[in-house]
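Participant: Structure incoming, see below.
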Amino acid sequence: MPLVTMTVNGLPATREVEGRTLLVQLLREGLGLTGTHVGCDTGQCGACVVHLDGRPVKACLMLALEAEGANLRTIEGMANPDGSLSPLQQAFRDHHGLQCGFCTPGMIMMAAALLADNPKPDAREVRDHLEGNLCRCTGYQNIVRAILAASGQEPALAET
Amino acid sequence: MYAFELVRPGTVEEAVALLASPDAQALGGGQTLIPALKQRLARPARLVSLSGIAAIKGVTASGGTVTVGGGATHAEVAAAAARTYPALAALAGRIGDPAVRSRGTIGGSLANNDPSACYPAAVLASGATVVTPAREIAADDFFRGMFATALADGEIITAVRFPVPVRAAYMKFVQPASRFALAGVFVAQTPAGVRVAVTGAAEAGVFRWTAAEAALTADFRPESVRGLVPPARGMIGDIHASPEYRAHLVGVMTARAVAAA
């Protein structure tokens, strides 16, 4: 079987994969990084979003071999180096941006990608950016509040 | 997914050679093809990924022409064409969602020719040229109905050349759950006249709405197409919208695109 070599959360990783192995399967089953979730497996829900060379991608819509040489970041790489929650993660906790938590890894990765490009998004931009991330618990309101708070803005702007 | 071999050539020449085998299939960004493979709607023995070919990436502009590499992602086009062809960049920036825009490519979208895809409207309205390793295909000759194009088996899109219109805009009315266009209209005013291309609405896929083109060539104002509606015959009818409603939306989106151009 072919080998794929990549950097995952700053560490080198090499694994044997099949042509049809999805990136999300490699992460979860090959590398044991089960924080990246498989929600729908059809590309609709966004629970599997990871960063590929700094850009958000759905790990269930990409073949593992396509990530050859890439720099990947998953939810496991989002906490502070001392293990405490990053400001974005802490904001999700403080503002109840999660209930069951299943969509949260994808939400955090997608929100982090947004804030890297646009450090002070307005509520409209936050909602647009989350178009491909589904949450069946929160009604999104507290997720938008959390992201606004993480960007140093008033969370109540989510209602605007 | 059925098992397949995945190969990732570095040049167009290698890709063409690898695609010569009858059960080989090209892979662009995979945002449509991978779901289709999961549903076992396709069974290629070999998938030839185009993502490792540097020569078909990027967006360049010179002399009133914007050239988009066949492997350029929607996100790349949204960023790189923002100044040189803003209507095209705006369309690319609203395809799918941010993760889809990171992977999906213009070449993949055009080769698939989904009747609800956005890019075919831009290509047809702009009068763009689709470039393959073997030839150049005018937009008017490229689209051959729903999921059908002029591409031969194994023929890949290396670039798309857009003559930048004088004014242009794209407006779509999205189905609220899938966010695919129920009707999307790209209007381009060119020195040779106005071109209007409609996606999302018709059974036969993207088409030019010549009645609106004539009205707008005579007078490029939203009022010129007020009340003008294409025939409902041939429009898609499903649980989301009837043919008559889609035809109505085409008229409304056309007027909005003219106002925005």
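In the structure tokens, each chain is lettered A, B, ... as it comes, each chain's residues begin at 1, and ligands are numbered from 1 in order of appearance.
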Among chain A, which residues carry a DSSP assignment of strand (DSSP E or B), reported as a list in words?
Facilitator: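 Selection result, strand (DSSP E or B) within chain A: Leu3, Val4, Thr5, Met6, Thr7, Val8, Leu11, Pro12, Ala13, Thr14, Arg15, Glu16, Leu22, Val49, Val50, His51, Leu52, Arg55, Pro56, Val57, Lys58, Leu63, Asn71, Leu72 and Arg73 of chain A.
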Participant: List every residue of stretch 109-151 of chain A that DSSP, applied to the backbone, labels as helix (DSSP H, G or I), and write the result as a PyMOL selection string.
Facilitator: chain A and resi 109-117+123-129+141-150
Participant: Pick out the chain A residues within 7 Å of chain B. Count only C-alpha atoms. Give them as a list of chain:residue names.
Facilitator: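 That gives the following set of residues: A:Gly19, A:Arg20, A:Thr42, A:Arg55, A:Pro56, A:Val57, A:Lys58, A:Leu61, A:Met62, A:His129, A:Glu131, A:Gly132.
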Participant: Residues of the last selection are to be written out with C-alpha atoms, as a short mmCIF file (atom, residue, chain, number, x, y, z; two decimals), in the first residue's frame.
Facilitator:
data_model
loop_
_atom_site.label_atom_id
_atom_site.label_comp_id
_atom_site.auth_asym_id
_atom_site.auth_seq_id
_atom_site.Cartn_x
_atom_site.Cartn_y
_atom_site.Cartn_z
CA GLY A 19 -6.17 4.90 -2.45
CA ARG A 20 -9.71 5.16 -1.13
CA THR A 42 -21.53 13.28 2.90
CA ARG A 55 -7.31 26.45 5.17
CA PRO A 56 -10.46 24.71 6.42
CA VAL A 57 -11.32 21.47 4.61
CA LYS A 58 -13.81 18.68 5.22
CA LEU A 61 -14.32 14.87 1.38
CA MET A 62 -10.62 14.42 0.84
CA HIS A 129 -18.77 31.42 7.39
CA GLU A 131 -22.84 27.90 6.38
CA GLY A 132 -21.32 24.43 6.05
#
Participant: As an exercise, work out the distance from atom CA of B:Gly70 to atom CA of B:Ile156 in Å and give it to one decimal place.
Facilitator: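 Value for the atom CA of B:Gly70-atom CA of B:Ile156 distance: 8.2 Å.
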Participant: Using only C-alpha atoms, which of A:Thr104, A:Ser84, A:Thr34, A:Asn118 sits nearest A:Asn133?
Facilitator: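 Looking at the shortest contact to A:Asn133, the residue is A:Thr104.
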Participant: For B:Pro9, which residue out of A:Ala111, A:Asn71, A:Glu66, A:Met6 is the nearest one, using only C-alpha atoms?
Facilitator: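 With only C-alpha atoms as the atom set, the closest residue is A:Glu66.
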Participant: Residues within 9 Å of A:Val49, please, as number ranges by chain. Count only C-alpha atoms; anything in the same chain fewer than 4 positions from it doesn't count.
Facilitator: A: 36-37, 56-60, 74-75, 105-110, 133; B: 99
Participant: Please provide as an NGL selection string all residues within 12 Å of A:Glu154, with the sequence filter that same-chain residues fewer than 2 positions apart are discarded (counting only C-alpha atoms).
Facilitator: :A and (91 or 95 or 120-123 or 144-152 or 156-160)
Participant: Put those residues in a file: N, CA and C atoms, as a PDB file, in the first residue's frame.
Facilitator:
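As written to disk, result-v5.pdb reads:
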ATOM      1  N   ALA A  91     -14.145  30.567  24.996  1.00  0.00           N
ATOM      2  CA  ALA A  91     -15.339  31.359  24.693  1.00  0.00           C
ATOM      3  C   ALA A  91     -16.534  30.457  24.415  1.00  0.00           C
ATOM      4  N   HIS A  95     -19.806  30.842  26.788  1.00  0.00           N
ATOM      5  CA  HIS A  95     -21.053  31.326  26.192  1.00  0.00           C
ATOM      6  C   HIS A  95     -21.988  30.185  25.799  1.00  0.00           C
ATOM      7  N   LYS A 120     -11.956  40.492  13.203  1.00  0.00           N
ATOM      8  CA  LYS A 120     -13.139  41.119  13.822  1.00  0.00           C
ATOM      9  C   LYS A 120     -14.350  40.977  12.902  1.00  0.00           C
ATOM     10  N   PRO A 121     -14.825  39.771  12.701  1.00  0.00           N
ATOM     11  CA  PRO A 121     -15.982  39.604  11.808  1.00  0.00           C
ATOM     12  C   PRO A 121     -17.248  40.138  12.456  1.00  0.00           C
ATOM     13  N   ASP A 122     -18.193  40.610  11.636  1.00  0.00           N
ATOM     14  CA  ASP A 122     -19.492  40.963  12.213  1.00  0.00           C
ATOM     15  C   ASP A 122     -20.367  39.700  12.247  1.00  0.00           C
ATOM     16  N   ALA A 123     -21.529  39.820  12.860  1.00  0.00           N
ATOM     17  CA  ALA A 123     -22.372  38.636  13.076  1.00  0.00           C
ATOM     18  C   ALA A 123     -22.761  37.997  11.747  1.00  0.00           C
ATOM     19  N   VAL A 144     -22.468  31.813  17.668  1.00  0.00           N
ATOM     20  CA  VAL A 144     -22.118  33.131  17.118  1.00  0.00           C
ATOM     21  C   VAL A 144     -21.644  34.048  18.253  1.00  0.00           C
ATOM     22  N   ARG A 145     -22.332  33.989  19.379  1.00  0.00           N
ATOM     23  CA  ARG A 145     -21.915  34.803  20.540  1.00  0.00           C
ATOM     24  C   ARG A 145     -20.495  34.446  20.975  1.00  0.00           C
ATOM     25  N   ALA A 146     -20.191  33.162  21.011  1.00  0.00           N
ATOM     26  CA  ALA A 146     -18.864  32.717  21.451  1.00  0.00           C
ATOM     27  C   ALA A 146     -17.776  33.220  20.510  1.00  0.00           C
ATOM     28  N   ILE A 147     -18.050  33.144  19.212  1.00  0.00           N
ATOM     29  CA  ILE A 147     -17.028  33.563  18.236  1.00  0.00           C
ATOM     30  C   ILE A 147     -16.825  35.078  18.306  1.00  0.00           C
ATOM     31  N   LEU A 148     -17.926  35.823  18.471  1.00  0.00           N
ATOM     32  CA  LEU A 148     -17.792  37.278  18.611  1.00  0.00           C
ATOM     33  C   LEU A 148     -16.997  37.601  19.875  1.00  0.00           C
ATOM     34  N   ALA A 149     -17.277  36.887  20.971  1.00  0.00           N
ATOM     35  CA  ALA A 149     -16.558  37.135  22.217  1.00  0.00           C
ATOM     36  C   ALA A 149     -15.069  36.802  22.059  1.00  0.00           C
ATOM     37  N   ALA A 150     -14.781  35.681  21.375  1.00  0.00           N
ATOM     38  CA  ALA A 150     -13.384  35.292  21.175  1.00  0.00           C
ATOM     39  C   ALA A 150     -12.626  36.318  20.346  1.00  0.00           C
ATOM     40  N   SER A 151     -13.355  37.073  19.507  1.00  0.00           N
ATOM     41  CA  SER A 151     -12.703  38.087  18.683  1.00  0.00           C
ATOM     42  C   SER A 151     -12.652  39.433  19.409  1.00  0.00           C
ATOM     43  N   GLY A 152     -12.995  39.420  20.685  1.00  0.00           N
ATOM     44  CA  GLY A 152     -12.886  40.640  21.480  1.00  0.00           C
ATOM     45  C   GLY A 152     -14.058  41.589  21.301  1.00  0.00           C
ATOM     46  N   ALA A 156     -23.383  40.216  22.471  1.00  0.00           N
ATOM     47  CA  ALA A 156     -24.773  40.578  22.159  1.00  0.00           C
ATOM     48  C   ALA A 156     -24.929  41.032  20.707  1.00  0.00           C
ATOM     49  N   LEU A 157     -23.814  41.342  20.030  1.00  0.00           N
ATOM     50  CA  LEU A 157     -23.900  41.706  18.610  1.00  0.00           C
ATOM     51  C   LEU A 157     -24.434  40.548  17.766  1.00  0.00           C
ATOM     52  N   ALA A 158     -24.441  39.337  18.337  1.00  0.00           N
ATOM     53  CA  ALA A 158     -25.009  38.189  17.627  1.00  0.00           C
ATOM     54  C   ALA A 158     -26.471  38.419  17.309  1.00  0.00           C
ATOM     55  N   GLU A 159     -27.127  39.255  18.102  1.00  0.00           N
ATOM     56  CA  GLU A 159     -28.565  39.505  17.877  1.00  0.00           C
ATOM     57  C   GLU A 159     -28.788  40.549  16.793  1.00  0.00           C
ATOM     58  N   THR A 160     -27.723  41.139  16.288  1.00  0.00           N
ATOM     59  CA  THR A 160     -27.895  42.203  15.285  1.00  0.00           C
ATOM     60  C   THR A 160     -27.992  41.630  13.885  1.00  0.00           C
TER      61      THR A 160
END
Participant: Residues near B:Cys118, anyone? I mean within 10 Å using only C-alpha atoms, not counting same-chain ones fewer than 6 positions away, as a PDB file with all heavy atoms, in the first residue's frame.
Facilitator:
ATOM      1  N   LEU B  88     -16.765  37.688 -11.195  1.00  0.00           N
ATOM      2  CA  LEU B  88     -16.340  36.287 -11.158  1.00  0.00           C
ATOM      3  C   LEU B  88     -15.869  35.920  -9.745  1.00  0.00           C
ATOM      4  O   LEU B  88     -16.189  34.846  -9.221  1.00  0.00           O
ATOM      5  CB  LEU B  88     -15.209  36.060 -12.169  1.00  0.00           C
ATOM      6  CG  LEU B  88     -14.666  34.641 -12.238  1.00  0.00           C
ATOM      7  CD1 LEU B  88     -15.697  33.687 -12.826  1.00  0.00           C
ATOM      8  CD2 LEU B  88     -13.366  34.594 -13.033  1.00  0.00           C
ATOM      9  N   LEU B  91     -18.827  35.477  -7.435  1.00  0.00           N
ATOM     10  CA  LEU B  91     -19.491  34.189  -7.674  1.00  0.00           C
ATOM     11  C   LEU B  91     -18.706  33.066  -6.995  1.00  0.00           C
ATOM     12  O   LEU B  91     -19.272  32.231  -6.285  1.00  0.00           O
ATOM     13  CB  LEU B  91     -19.610  33.956  -9.187  1.00  0.00           C
ATOM     14  CG  LEU B  91     -20.155  32.610  -9.664  1.00  0.00           C
ATOM     15  CD1 LEU B  91     -20.910  32.769 -10.979  1.00  0.00           C
ATOM     16  CD2 LEU B  91     -19.067  31.558  -9.837  1.00  0.00           C
ATOM     17  N   ALA B  92     -17.378  33.059  -7.209  1.00  0.00           N
ATOM     18  CA  ALA B  92     -16.547  31.983  -6.638  1.00  0.00           C
ATOM     19  C   ALA B  92     -16.619  31.990  -5.117  1.00  0.00           C
ATOM     20  O   ALA B  92     -16.632  30.943  -4.476  1.00  0.00           O
ATOM     21  CB  ALA B  92     -15.096  32.137  -7.110  1.00  0.00           C
ATOM     22  N   ARG B  94     -19.034  32.590  -3.274  1.00  0.00           N
ATOM     23  CA  ARG B  94     -20.327  32.163  -2.716  1.00  0.00           C
ATOM     24  C   ARG B  94     -20.700  30.733  -3.137  1.00  0.00           C
ATOM     25  O   ARG B  94     -21.816  30.286  -2.920  1.00  0.00           O
ATOM     26  CB  ARG B  94     -21.437  33.139  -3.141  1.00  0.00           C
ATOM     27  CG  ARG B  94     -21.363  34.481  -2.400  1.00  0.00           C
ATOM     28  CD  ARG B  94     -22.590  35.328  -2.666  1.00  0.00           C
ATOM     29  NE  ARG B  94     -23.789  34.685  -2.169  1.00  0.00           N
ATOM     30  CZ  ARG B  94     -24.995  34.817  -2.735  1.00  0.00           C
ATOM     31  NH1 ARG B  94     -25.147  35.550  -3.811  1.00  0.00           N
ATOM     32  NH2 ARG B  94     -26.043  34.212  -2.216  1.00  0.00           N
ATOM     33  N   ILE B  95     -19.748  30.007  -3.708  1.00  0.00           N
ATOM     34  CA  ILE B  95     -20.010  28.601  -4.039  1.00  0.00           C
ATOM     35  C   ILE B  95     -19.897  27.778  -2.757  1.00  0.00           C
ATOM     36  O   ILE B  95     -18.929  27.911  -2.002  1.00  0.00           O
ATOM     37  CB  ILE B  95     -18.996  28.076  -5.081  1.00  0.00           C
ATOM     38  CG1 ILE B  95     -19.131  28.833  -6.401  1.00  0.00           C
ATOM     39  CG2 ILE B  95     -19.181  26.573  -5.300  1.00  0.00           C
ATOM     40  CD1 ILE B  95     -18.043  28.513  -7.410  1.00  0.00           C
ATOM     41  N   GLY B  96     -20.871  26.920  -2.501  1.00  0.00           N
ATOM     42  CA  GLY B  96     -20.771  25.990  -1.373  1.00  0.00           C
ATOM     43  C   GLY B  96     -20.541  26.704  -0.057  1.00  0.00           C
ATOM     44  O   GLY B  96     -21.226  27.659   0.272  1.00  0.00           O
ATOM     45  N   ILE B 106     -12.394  25.089 -10.436  1.00  0.00           N
ATOM     46  CA  ILE B 106     -13.199  25.514 -11.583  1.00  0.00           C
ATOM     47  C   ILE B 106     -13.245  24.417 -12.640  1.00  0.00           C
ATOM     48  O   ILE B 106     -14.294  24.165 -13.234  1.00  0.00           O
ATOM     49  CB  ILE B 106     -12.672  26.858 -12.159  1.00  0.00           C
ATOM     50  CG1 ILE B 106     -13.649  27.398 -13.214  1.00  0.00           C
ATOM     51  CG2 ILE B 106     -11.277  26.707 -12.750  1.00  0.00           C
ATOM     52  CD1 ILE B 106     -13.344  28.819 -13.653  1.00  0.00           C
ATOM     53  N   SER B 109     -15.686  21.731 -11.549  1.00  0.00           N
ATOM     54  CA  SER B 109     -17.070  22.196 -11.638  1.00  0.00           C
ATOM     55  C   SER B 109     -17.557  22.185 -13.084  1.00  0.00           C
ATOM     56  O   SER B 109     -18.660  21.718 -13.377  1.00  0.00           O
ATOM     57  CB  SER B 109     -17.183  23.612 -11.052  1.00  0.00           C
ATOM     58  OG  SER B 109     -18.462  24.148 -11.314  1.00  0.00           O
ATOM     59  N   LEU B 110     -16.718  22.683 -13.998  1.00  0.00           N
ATOM     60  CA  LEU B 110     -17.141  22.771 -15.403  1.00  0.00           C
ATOM     61  C   LEU B 110     -17.231  21.388 -16.043  1.00  0.00           C
ATOM     62  O   LEU B 110     -18.150  21.119 -16.825  1.00  0.00           O
ATOM     63  CB  LEU B 110     -16.185  23.663 -16.193  1.00  0.00           C
ATOM     64  CG  LEU B 110     -16.172  25.134 -15.768  1.00  0.00           C
ATOM     65  CD1 LEU B 110     -15.099  25.891 -16.546  1.00  0.00           C
ATOM     66  CD2 LEU B 110     -17.538  25.778 -15.973  1.00  0.00           C
ATOM     67  N   TYR B 170     -23.486  38.590 -10.925  1.00  0.00           N
ATOM     68  CA  TYR B 170     -24.163  37.292 -10.795  1.00  0.00           C
ATOM     69  C   TYR B 170     -25.082  37.366  -9.591  1.00  0.00           C
ATOM     70  O   TYR B 170     -24.688  37.840  -8.526  1.00  0.00           O
ATOM     71  CB  TYR B 170     -23.135  36.191 -10.585  1.00  0.00           C
ATOM     72  CG  TYR B 170     -23.733  34.806 -10.353  1.00  0.00           C
ATOM     73  CD1 TYR B 170     -24.436  34.149 -11.363  1.00  0.00           C
ATOM     74  CD2 TYR B 170     -23.577  34.149  -9.139  1.00  0.00           C
ATOM     75  CE1 TYR B 170     -24.973  32.879 -11.157  1.00  0.00           C
ATOM     76  CE2 TYR B 170     -24.095  32.875  -8.929  1.00  0.00           C
ATOM     77  CZ  TYR B 170     -24.791  32.242  -9.943  1.00  0.00           C
ATOM     78  OH  TYR B 170     -25.316  30.989  -9.734  1.00  0.00           O
ATOM     79  N   MET B 171     -26.313  36.927  -9.779  1.00  0.00           N
ATOM     80  CA  MET B 171     -27.264  36.869  -8.668  1.00  0.00           C
ATOM     81  C   MET B 171     -27.882  35.485  -8.642  1.00  0.00           C
ATOM     82  O   MET B 171     -28.289  34.963  -9.691  1.00  0.00           O
ATOM     83  CB  MET B 171     -28.391  37.902  -8.875  1.00  0.00           C
ATOM     84  CG  MET B 171     -27.977  39.323  -8.593  1.00  0.00           C
ATOM     85  SD  MET B 171     -27.803  39.601  -6.812  1.00  0.00           S
ATOM     86  CE  MET B 171     -26.608  40.948  -6.850  1.00  0.00           C
ATOM     87  N   LYS B 172     -27.946  34.915  -7.439  1.00  0.00           N
ATOM     88  CA  LYS B 172     -28.620  33.610  -7.340  1.00  0.00           C
ATOM     89  C   LYS B 172     -29.623  33.630  -6.213  1.00  0.00           C
ATOM     90  O   LYS B 172     -29.445  34.305  -5.208  1.00  0.00           O
ATOM     91  CB  LYS B 172     -27.615  32.465  -7.165  1.00  0.00           C
ATOM     92  CG  LYS B 172     -26.824  32.463  -5.867  1.00  0.00           C
ATOM     93  CD  LYS B 172     -25.943  31.197  -5.790  1.00  0.00           C
ATOM     94  CE  LYS B 172     -24.960  31.304  -4.635  1.00  0.00           C
ATOM     95  NZ  LYS B 172     -24.081  30.125  -4.518  1.00  0.00           N
ATOM     96  N   PHE B 180     -27.924  25.430  -2.965  1.00  0.00           N
ATOM     97  CA  PHE B 180     -27.714  25.433  -4.413  1.00  0.00           C
ATOM     98  C   PHE B 180     -28.674  26.438  -5.039  1.00  0.00           C
ATOM     99  O   PHE B 180     -29.720  26.747  -4.470  1.00  0.00           O
ATOM    100  CB  PHE B 180     -27.973  24.046  -4.997  1.00  0.00           C
ATOM    101  CG  PHE B 180     -26.763  23.157  -5.012  1.00  0.00           C
ATOM    102  CD1 PHE B 180     -26.594  22.168  -4.068  1.00  0.00           C
ATOM    103  CD2 PHE B 180     -25.793  23.325  -5.988  1.00  0.00           C
ATOM    104  CE1 PHE B 180     -25.467  21.352  -4.082  1.00  0.00           C
ATOM    105  CE2 PHE B 180     -24.660  22.517  -6.013  1.00  0.00           C
ATOM    106  CZ  PHE B 180     -24.506  21.528  -5.051  1.00  0.00           C
ATOM    107  N   ALA B 181     -28.329  26.919  -6.235  1.00  0.00           N
ATOM    108  CA  ALA B 181     -29.153  27.922  -6.893  1.00  0.00           C
ATOM    109  C   ALA B 181     -30.445  27.298  -7.407  1.00  0.00           C
ATOM    110  O   ALA B 181     -30.424  26.324  -8.145  1.00  0.00           O
ATOM    111  CB  ALA B 181     -28.378  28.543  -8.053  1.00  0.00           C
ATOM    112  N   ALA B 183     -32.276  29.431  -9.037  1.00  0.00           N
ATOM    113  CA  ALA B 183     -32.058  30.166 -10.275  1.00  0.00           C
ATOM    114  C   ALA B 183     -30.872  31.084 -10.039  1.00  0.00           C
ATOM    115  O   ALA B 183     -30.824  31.790  -9.040  1.00  0.00           O
ATOM    116  CB  ALA B 183     -33.282  30.979 -10.660  1.00  0.00           C
ATOM    117  N   GLY B 184     -29.909  31.030 -10.946  1.00  0.00           N
ATOM    118  CA  GLY B 184     -28.743  31.910 -10.874  1.00  0.00           C
ATOM    119  C   GLY B 184     -28.554  32.548 -12.233  1.00  0.00           C
ATOM    120  O   GLY B 184     -28.660  31.861 -13.253  1.00  0.00           O
ATOM    121  N   VAL B 185     -28.318  33.858 -12.252  1.00  0.00           N
ATOM    122  CA  VAL B 185     -28.203  34.561 -13.533  1.00  0.00           C
ATOM    123  C   VAL B 185     -26.927  35.390 -13.548  1.00  0.00           C
ATOM    124  O   VAL B 185     -26.697  36.189 -12.632  1.00  0.00           O
ATOM    125  CB  VAL B 185     -29.419  35.480 -13.780  1.00  0.00           C
ATOM    126  CG1 VAL B 185     -29.263  36.229 -15.105  1.00  0.00           C
ATOM    127  CG2 VAL B 185     -30.715  34.674 -13.779  1.00  0.00           C
ATOM    128  N   PHE B 186     -26.116  35.166 -14.568  1.00  0.00           N
ATOM    129  CA  PHE B 186     -24.912  35.966 -14.770  1.00  0.00           C
ATOM    130  C   PHE B 186     -25.144  36.863 -15.980  1.00  0.00           C
ATOM    131  O   PHE B 186     -25.458  36.388 -17.066  1.00  0.00           O
ATOM    132  CB  PHE B 186     -23.700  35.062 -15.008  1.00  0.00           C
ATOM    133  CG  PHE B 186     -22.380  35.745 -14.775  1.00  0.00           C
ATOM    134  CD1 PHE B 186     -21.638  35.461 -13.634  1.00  0.00           C
ATOM    135  CD2 PHE B 186     -21.871  36.670 -15.677  1.00  0.00           C
ATOM    136  CE1 PHE B 186     -20.415  36.082 -13.395  1.00  0.00           C
ATOM    137  CE2 PHE B 186     -20.657  37.298 -15.445  1.00  0.00           C
ATOM    138  CZ  PHE B 186     -19.919  37.002 -14.305  1.00  0.00           C
ATOM    139  N   VAL B 198     -28.110  31.532 -17.605  1.00  0.00           N
ATOM    140  CA  VAL B 198     -28.966  31.116 -16.496  1.00  0.00           C
ATOM    141  C   VAL B 198     -28.575  29.706 -16.052  1.00  0.00           C
ATOM    142  O   VAL B 198     -28.475  28.799 -16.873  1.00  0.00           O
ATOM    143  CB  VAL B 198     -30.447  31.115 -16.940  1.00  0.00           C
ATOM    144  CG1 VAL B 198     -31.345  30.653 -15.800  1.00  0.00           C
ATOM    145  CG2 VAL B 198     -30.860  32.495 -17.451  1.00  0.00           C
ATOM    146  N   THR B 199     -28.361  29.532 -14.750  1.00  0.00           N
ATOM    147  CA  THR B 199     -28.072  28.215 -14.198  1.00  0.00           C
ATOM    148  C   THR B 199     -29.112  27.865 -13.136  1.00  0.00           C
ATOM    149  O   THR B 199     -29.851  28.734 -12.673  1.00  0.00           O
ATOM    150  CB  THR B 199     -26.646  28.162 -13.621  1.00  0.00           C
ATOM    151  OG1 THR B 199     -26.334  26.794 -13.288  1.00  0.00           O
ATOM    152  CG2 THR B 199     -26.510  28.994 -12.355  1.00  0.00           C
ATOM    153  N   GLY B 200     -29.160  26.592 -12.772  1.00  0.00           N
ATOM    154  CA  GLY B 200     -30.033  26.163 -11.682  1.00  0.00           C
ATOM    155  C   GLY B 200     -31.466  25.911 -12.088  1.00  0.00           C
ATOM    156  O   GLY B 200     -32.185  25.187 -11.405  1.00  0.00           O
ATOM    157  N   VAL B 206     -27.221  24.904 -17.931  1.00  0.00           N
ATOM    158  CA  VAL B 206     -27.017  26.325 -18.192  1.00  0.00           C
ATOM    159  C   VAL B 206     -27.466  26.680 -19.619  1.00  0.00           C
ATOM    160  O   VAL B 206     -27.300  25.898 -20.544  1.00  0.00           O
ATOM    161  CB  VAL B 206     -25.535  26.687 -17.940  1.00  0.00           C
ATOM    162  CG1 VAL B 206     -24.628  26.062 -18.999  1.00  0.00           C
ATOM    163  CG2 VAL B 206     -25.333  28.196 -17.872  1.00  0.00           C
TER     164      VAL B 206
END
Participant: Between atom CA of B:Thr60 and atom CA of B:Ala80, what is the spacing in Å?
Facilitator: 8.1 Å
Participant: Would you kindly return, as a list in words, each protein, DNA or RNA residue with an atom no farther than 10 Å from any atom of B:Val164, considering only C-alpha atoms and excluding same-chain residues fewer than 5 positions away?
Facilitator: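 Contacts, with the query itself left out: Ala61, Gly63, Gly64, Thr65, Val66, Thr67, Thr84, Tyr85, Pro86, Ala87, Leu88, Ser126, Gly127, Ala128, Ala188, Gln189 and Thr190 of chain B.
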Participant: Kindly indicate which residue among A:Val24, A:Thr14, A:Leu115, A:Arg73 lies nearest to A:Gly46, using only C-alpha atoms for the distances.
Facilitator: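 Using only C-alpha atoms, the shortest distance to A:Gly46 belongs to A:Val24.
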Participant: Could you state the separation of atom CA of A:Pro155 and atom CA of A:Asn142 in Å, given to one decimal place?
Facilitator: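 Between these atoms lies a distance of 8.6 Å.
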Participant: Could you tell me which of B:Arg144, B:Gly154, B:Ala261, B:Phe173 comes closest to B:Leu27 if we count only C-alpha atoms?
Facilitator: B:Gly154
Participant: Here is a test: counting only C-alpha atoms, which residue of A:Ala47, A:Val17, A:Gly97, A:Gly32 is nearest to A:Leu63?
Facilitator: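 Among the listed residues, the smallest separation from A:Leu63 belongs to A:Val17.
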